[in-house]
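K.L.:
Quick one: structure below, then a few questions.
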Amino acid sequence: MNAADIRARLGVRPVINVSGTMTSLGASIVAPEVVEAVSAILREFVEIDDLQRKASTTIARLCGAEAGFVTASCSSGITLGVAGAMTGADLAAIERLPDTTGLKNEVVILAGHMVSYGAPVEQAIRLAGARVAPVGQATSAHAYQLAGAIGERTAAALYVVSHHTVRHGMPPLAEFAEIAHAQGVPVIVDAASEYDLRGPLAAGADLALYSSHKFLGGPTGGIVAGRRDLVRATFLQNSGIGRGMKVGKEGIAGAIAALEAWERRDHAAVRARETQALNLWRDTLRGRPGVTAAIVPDPTDNPLDRLQVAVEPDLAHITAWDLADRLASASRPVIVRDHEIEHGYFLMDPCNLHPGEESIVATRLVEELDRALASNEIISSSVSDRRARRAASRLAWPD
Ligand SMILES: *Cc1c(COP(=O)(O)O)cnc(C)c1O
């Protein structure tokens with residue numbers, strides 16, 4: 001960390017992120033041309049609806065949509081999209097929400113899609129005043145169950161594309177959309193982390209939602225794209241429940257710049273840099289006792305690989321979670337992707353690295369594995385205690 005690093009001034013730890021685009025770590029590296037756009041607009045006045053009109057044009061072009069706009073986050077896009085599906089362009093109904101008296105107010109969602117992305121997806125539905133109608137079971141959902149769950153009170157059907165969802169036994173989006181459309185119900189797709197900006201609308205979605213601050217490398221924001229009338233009804237929520245989910249001029253100009261940068265980006269060169277980092281880490285770990293490293297593809301087919309590092313405590317003298325914790329506890333904390341860690345492995349994500357950080361990560365892996373190997377006992381804490389410790393630490397904030 002150099003002296004100009006703002007994190008030193010703020011007194012926060014200089015994290016190296018090999019976890020992924022996580023809100024809890026500051027999402028992504030905002031591209032330089034996006035930083036410039038954000039900084040330029042911050043000093044100026046602008047007619048916000050006009051700026052959103054420009055965003056609509058850019059979003060429409062990149063997503064193959066009729067229209068679009070920028071909101072505070074993908075999560076607020078879910079809430080506002082559900083609200084738009086309930087109220088349409090009725091301004092009085094928009095001001096009455098979350099009171100949904102007289103409106104269709106149910107949203108169907110596959111039970112296997114009821115995930116947490118840091119907050120429960122179904123809460124984003126309920127925030128609009130809607131009722132959640134789960135379809136099927138955690139690990140299976142059938143067409144007849146979806147068709148049977150849709151009734152005259154159904155306002156929308158929400159489909160989640162994410163590595164968080166159950167990955168088998170679910171109808172694909174195109175089939176989901178066909179069933180919903182057969183009963184006149186619009187389909188909203190949460191594609192927050194998906195690189196494919198056109199796929200969801202092409203597969204039949206009426207609204208597709210993305211995060212501006214994830215793979216796009218924009219400032220915090222959400223992108224709403226889709227059918228003109230539904231996008232408009234969603235946009236109009238800004239004079240209702242959307243007020244508390246406001247995006248500023250910097251978020252809108254930043255999202256436009258991020259989309260334009262995405263269009264111009266040399267995606268093959270980015271991928272090649274990521275592959276270099278993965279190869280470095282895999283080669284660094286090769287032959288180390290009790291450590292198996294393999295490059296694995298992204299579970300939802302984004303053009304992105306990660307390194308899966310499995311640790312056998314008997315041979316490596318440390319568990320996967322203790323290794324993750326030690327990597328995270330140094331003066332240059334390296335934060336790995338640990339949501340499946342009780343299975344004895346973690347993942348390393350190469351898409352948020354600054355040049356040179358991949359070598360620091362390799363060095364830290366070697367340091368901690370050497371230290372563990374030299375220890376006479378196996379470093380093995382309880383994974384349940386670790387979860388409890390993390391929960392307690394959240395509840396103790398700000399102490
Ligand atoms: C990150 C994420 C969200 C939330 O996106 P924000 O823009 O951070 O609100 C919603 N759904 C999924 C599947 C996500 O991965």
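Residue numbering restarts at 1 for every chain of the structure tokens, chains are lettered A, B, ... in their displayed order, and ligands are numbered from 1 as they appear.
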May I ask you to write as a list in words all residues lying at most 7 Å from ligand 1, with only C-alpha atoms and all ligand atoms counted?
P.N.:
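Protein and nucleic-acid residues within 7 Å of ligand 1: Thr23, Ser73, Cys74, Ser75, Ser76, Tyr117, Val121, Val160, Val161, Ser162, His164, Asp190, Ala191, Ala192, Ser193, Tyr210, Ser211, Ser212, His213, Gly221 and Gly222 of chain A.
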K.L.:
Quick one: pick out all helix (DSSP H, G or I) residues within stretch 103-307 of chain A from a backbone DSSP run and write them as an MDAnalysis selection string.
P.N.:
chainID A and resid 111:113 121:126 143:149 173:182 199:202 228:239 241:245 249:264 267:285
K.L.:
Those same residues - C-alpha atoms - I'd like them written as an mmCIF file, in the first residue's frame.
P.N.:
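Output file result-v8.cif is given in full below:
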```cif
data_model
loop_
_atom_site.group_PDB
_atom_site.id
_atom_site.type_symbol
_atom_site.label_atom_id
_atom_site.label_comp_id
_atom_site.auth_asym_id
_atom_site.auth_seq_id
_atom_site.Cartn_x
_atom_site.Cartn_y
_atom_site.Cartn_z
ATOM 1 C CA ALA A 111 -38.369 -21.828 -4.149
ATOM 2 C CA GLY A 112 -34.887 -22.734 -5.426
ATOM 3 C CA HIS A 113 -34.379 -19.070 -6.347
ATOM 4 C CA VAL A 121 -34.356 -11.699 -2.481
ATOM 5 C CA GLU A 122 -37.953 -12.151 -1.339
ATOM 6 C CA GLN A 123 -37.622 -9.160 0.976
ATOM 7 C CA ALA A 124 -36.974 -6.975 -2.078
ATOM 8 C CA ILE A 125 -40.368 -8.193 -3.367
ATOM 9 C CA ARG A 126 -42.156 -7.570 -0.065
ATOM 10 C CA ALA A 143 -44.125 -26.395 -15.136
ATOM 11 C CA TYR A 144 -47.503 -27.433 -13.675
ATOM 12 C CA GLN A 145 -46.508 -25.992 -10.287
ATOM 13 C CA LEU A 146 -45.638 -22.642 -11.851
ATOM 14 C CA ALA A 147 -48.818 -22.575 -13.961
ATOM 15 C CA GLY A 148 -50.859 -23.545 -10.898
ATOM 16 C CA ALA A 149 -49.316 -20.830 -8.724
ATOM 17 C CA LEU A 173 -35.818 -18.985 -18.169
ATOM 18 C CA ALA A 174 -37.376 -19.447 -21.637
ATOM 19 C CA GLU A 175 -39.805 -22.086 -20.317
ATOM 20 C CA PHE A 176 -40.534 -20.028 -17.174
ATOM 21 C CA ALA A 177 -41.331 -16.984 -19.345
ATOM 22 C CA GLU A 178 -43.539 -18.965 -21.712
ATOM 23 C CA ILE A 179 -45.676 -20.242 -18.826
ATOM 24 C CA ALA A 180 -45.971 -16.778 -17.236
ATOM 25 C CA HIS A 181 -46.771 -15.091 -20.541
ATOM 26 C CA ALA A 182 -49.469 -17.656 -21.327
ATOM 27 C CA GLY A 199 -29.644 -13.122 -22.951
ATOM 28 C CA PRO A 200 -32.461 -12.576 -20.419
ATOM 29 C CA LEU A 201 -34.525 -10.262 -22.662
ATOM 30 C CA ALA A 202 -33.845 -12.508 -25.662
ATOM 31 C CA ARG A 228 -40.964 0.321 -22.652
ATOM 32 C CA ASP A 229 -44.265 0.426 -20.704
ATOM 33 C CA LEU A 230 -42.925 -1.658 -17.826
ATOM 34 C CA VAL A 231 -39.646 0.295 -17.670
ATOM 35 C CA ARG A 232 -41.703 3.510 -17.563
ATOM 36 C CA ALA A 233 -43.964 2.185 -14.771
ATOM 37 C CA THR A 234 -40.804 1.148 -12.876
ATOM 38 C CA PHE A 235 -39.155 4.544 -13.435
ATOM 39 C CA LEU A 236 -42.275 6.365 -12.187
ATOM 40 C CA GLN A 237 -41.784 4.717 -8.776
ATOM 41 C CA ASN A 238 -39.104 7.377 -8.233
ATOM 42 C CA SER A 239 -41.936 9.646 -7.097
ATOM 43 C CA ILE A 241 -41.245 4.162 -2.869
ATOM 44 C CA GLY A 242 -38.265 4.676 -5.189
ATOM 45 C CA ARG A 243 -37.408 7.987 -3.525
ATOM 46 C CA GLY A 244 -35.573 6.194 -0.747
ATOM 47 C CA MET A 245 -33.646 4.202 -3.359
ATOM 48 C CA LYS A 249 -26.268 12.107 -11.170
ATOM 49 C CA GLU A 250 -22.939 10.393 -10.452
ATOM 50 C CA GLY A 251 -24.602 6.982 -10.407
ATOM 51 C CA ILE A 252 -26.388 7.610 -13.705
ATOM 52 C CA ALA A 253 -23.418 9.157 -15.548
ATOM 53 C CA GLY A 254 -21.208 6.439 -14.053
ATOM 54 C CA ALA A 255 -23.472 3.654 -15.297
ATOM 55 C CA ILE A 256 -23.560 5.139 -18.806
ATOM 56 C CA ALA A 257 -19.754 5.387 -18.833
ATOM 57 C CA ALA A 258 -19.411 1.836 -17.464
ATOM 58 C CA LEU A 259 -21.698 0.430 -20.175
ATOM 59 C CA GLU A 260 -19.764 2.294 -22.876
ATOM 60 C CA ALA A 261 -16.457 1.067 -21.432
ATOM 61 C CA TRP A 262 -17.842 -2.476 -21.370
ATOM 62 C CA GLU A 263 -18.700 -2.155 -25.058
ATOM 63 C CA ARG A 264 -15.122 -1.100 -25.897
ATOM 64 C CA HIS A 267 -12.470 -8.806 -23.069
ATOM 65 C CA ALA A 268 -9.920 -11.325 -24.371
ATOM 66 C CA ALA A 269 -7.040 -9.350 -22.832
ATOM 67 C CA VAL A 270 -8.829 -9.164 -19.460
ATOM 68 C CA ARG A 271 -9.439 -12.914 -19.584
ATOM 69 C CA ALA A 272 -5.776 -13.550 -20.434
ATOM 70 C CA ARG A 273 -4.632 -11.516 -17.392
ATOM 71 C CA GLU A 274 -7.041 -13.447 -15.181
ATOM 72 C CA THR A 275 -5.763 -16.762 -16.559
ATOM 73 C CA GLN A 276 -2.169 -15.680 -15.813
ATOM 74 C CA ALA A 277 -3.055 -15.097 -12.171
ATOM 75 C CA LEU A 278 -4.849 -18.439 -11.928
ATOM 76 C CA ASN A 279 -1.890 -20.266 -13.482
ATOM 77 C CA LEU A 280 0.538 -18.527 -11.113
ATOM 78 C CA TRP A 281 -1.463 -19.600 -8.050
ATOM 79 C CA ARG A 282 -1.994 -23.134 -9.343
ATOM 80 C CA ASP A 283 1.717 -23.553 -10.106
ATOM 81 C CA THR A 284 2.613 -22.082 -6.715
ATOM 82 C CA LEU A 285 0.430 -24.660 -4.959
#
```
K.L.:
Considering only C-alpha atoms, return as an MDAnalysis selection string whatever protein or nucleic-acid residues lie within 9 Å of A:Ala55, sequence-local ones (same chain, fewer than 2 positions apart) excluded.
P.N.:
chainID A and resid 50:53 57:60 67:70 252:253 255:256
K.L.:
Please identify which residues in stretch 15-156 of chain A DSSP calls strand (DSSP E) from the backbone, and express them as a VMD selection string.
P.N.:
chain A and resid 16 to 18 67 to 71 106 to 110 131 to 135 154 to 156
K.L.:
Please determine, counting only C-alpha atoms, which residue among A:Pro398, A:Pro299, A:Gly184, A:Pro350 has the shortest atom-to-atom distance to A:Ala155.
P.N.:
A:Gly184
K.L.:
Under the rule of at most 6 Å, produce a per-residue listing of stretch 306-338 of chain A near stretch 363-383 of chain A: chain, number, name, the closest pair of atoms, and the distance in Å, as a Markdown table, using only C-alpha atoms.
P.N.:
```
| residue | atom | partner | partner_atom | distance |
| --- | --- | --- | --- | --- |
| A:Ala316 | CA | A:Leu373 | CA | 5.9 |
| A:His317 | CA | A:Ile378 | CA | 4.2 |
| A:Ile318 | CA | A:Ile379 | CA | 4.4 |
| A:Thr319 | CA | A:Ser380 | CA | 5.6 |
```
K.L.:
Produce a file of the selected residues containing N, CA, C and O atoms, as a short mmCIF file (atom, residue, chain, number, x, y, z; two decimals), in the first residue's frame.
P.N.:
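This is the output file result.cif:
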```
data_model
loop_
_atom_site.label_atom_id
_atom_site.label_comp_id
_atom_site.auth_asym_id
_atom_site.auth_seq_id
_atom_site.Cartn_x
_atom_site.Cartn_y
_atom_site.Cartn_z
N ALA A 316 -1.84 -31.06 5.24
CA ALA A 316 -1.42 -29.65 5.17
C ALA A 316 -1.25 -29.04 6.56
O ALA A 316 -0.73 -27.94 6.69
N HIS A 317 -1.70 -29.77 7.60
CA HIS A 317 -1.65 -29.31 9.00
C HIS A 317 -2.54 -28.10 9.25
O HIS A 317 -2.32 -27.36 10.20
N ILE A 318 -3.52 -27.88 8.38
CA ILE A 318 -4.44 -26.75 8.58
C ILE A 318 -5.73 -27.04 7.81
O ILE A 318 -5.70 -27.73 6.77
N THR A 319 -6.84 -26.54 8.32
CA THR A 319 -8.11 -26.68 7.58
C THR A 319 -8.23 -25.55 6.55
O THR A 319 -7.54 -24.52 6.65
#
```
K.L.:
Which residue out of A:Thr101, A:Ala157, A:Val135, A:His142 has the minimum interatomic distance to A:Ile78 when only C-alpha atoms are used?
P.N.:
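Using only C-alpha atoms, A:Ile78 sits closest to A:Ala157.
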K.L.:
Could you tell me how far atom CA of A:Gly77 sits from atom CA of A:Gly204, in Å to one decimal place?
P.N.:
18.0 Å
K.L.:
With distances taken over only C-alpha atoms, which residue among A:Gly226, A:Thr300, A:Gly136, A:Leu216 lies nearest A:Ala203?
P.N.:
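Of all the options, A:Gly226 lies closest to A:Ala203.
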K.L.:
A:Leu207: which residues within 7 Å, counting only C-alpha atoms, same-chain residues fewer than 6 positions away excluded, as a ChimeraX atom specification?
P.N.:
/A:187-189,224-227
K.L.:
Convert the current residue selection to file output with N, CA and C atoms, as an mmCIF file, in the first residue's frame.
P.N.:
```
data_model
loop_
_atom_site.group_PDB
_atom_site.id
_atom_site.type_symbol
_atom_site.label_atom_id
_atom_site.label_comp_id
_atom_site.auth_asym_id
_atom_site.auth_seq_id
_atom_site.Cartn_x
_atom_site.Cartn_y
_atom_site.Cartn_z
ATOM 1 N N VAL A 187 -42.421 -11.043 -16.738
ATOM 2 C CA VAL A 187 -41.296 -11.736 -16.105
ATOM 3 C C VAL A 187 -40.160 -10.747 -15.822
ATOM 4 N N ILE A 188 -39.733 -10.727 -14.566
ATOM 5 C CA ILE A 188 -38.623 -9.872 -14.146
ATOM 6 C C ILE A 188 -37.438 -10.786 -13.852
ATOM 7 N N VAL A 189 -36.282 -10.476 -14.432
ATOM 8 C CA VAL A 189 -35.109 -11.326 -14.214
ATOM 9 C C VAL A 189 -34.042 -10.564 -13.426
ATOM 10 N N VAL A 224 -31.901 -1.152 -15.070
ATOM 11 C CA VAL A 224 -33.207 -1.722 -15.405
ATOM 12 C C VAL A 224 -33.345 -1.639 -16.921
ATOM 13 N N ALA A 225 -33.640 -2.768 -17.569
ATOM 14 C CA ALA A 225 -33.769 -2.786 -19.027
ATOM 15 C C ALA A 225 -34.991 -3.601 -19.397
ATOM 16 N N GLY A 226 -35.692 -3.210 -20.456
ATOM 17 C CA GLY A 226 -36.804 -4.056 -20.871
ATOM 18 C C GLY A 226 -37.850 -3.367 -21.716
ATOM 19 N N ARG A 227 -39.077 -3.877 -21.557
ATOM 20 C CA ARG A 227 -40.228 -3.408 -22.321
ATOM 21 C C ARG A 227 -40.549 -1.973 -21.929
#
```
K.L.:
Please compute the atom CA of A:Asp385-atom CA of A:Ser329 distance, one decimal, in Å.
P.N.:
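We find that atom CA of A:Asp385 and atom CA of A:Ser329 lie 17.1 Å from each other.
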K.L.:
I want to know what sits within 9 Å of A:Trp321, based on only C-alpha atoms, with residues of the same chain fewer than 3 positions away left out; could you give that as a list in words?
P.N.:
Ile318, Ala324, Asp325, Arg326, Asp338, Ile341, Glu342, Gly344, Tyr345, Phe346, Ser380, Ser381, Val383 and Arg386 of chain A
K.L.:
To one decimal place in Å, what is the distance between atom CA of A:Gly290 and atom CA of A:Leu323?
P.N.:
12.3 Å
K.L.:
Find the residues around A:His168 up to 10 Å (only C-alpha atoms counted), leave out those fewer than 6 positions away in its own chain, and share them as a count of residues only.
P.N.:
4
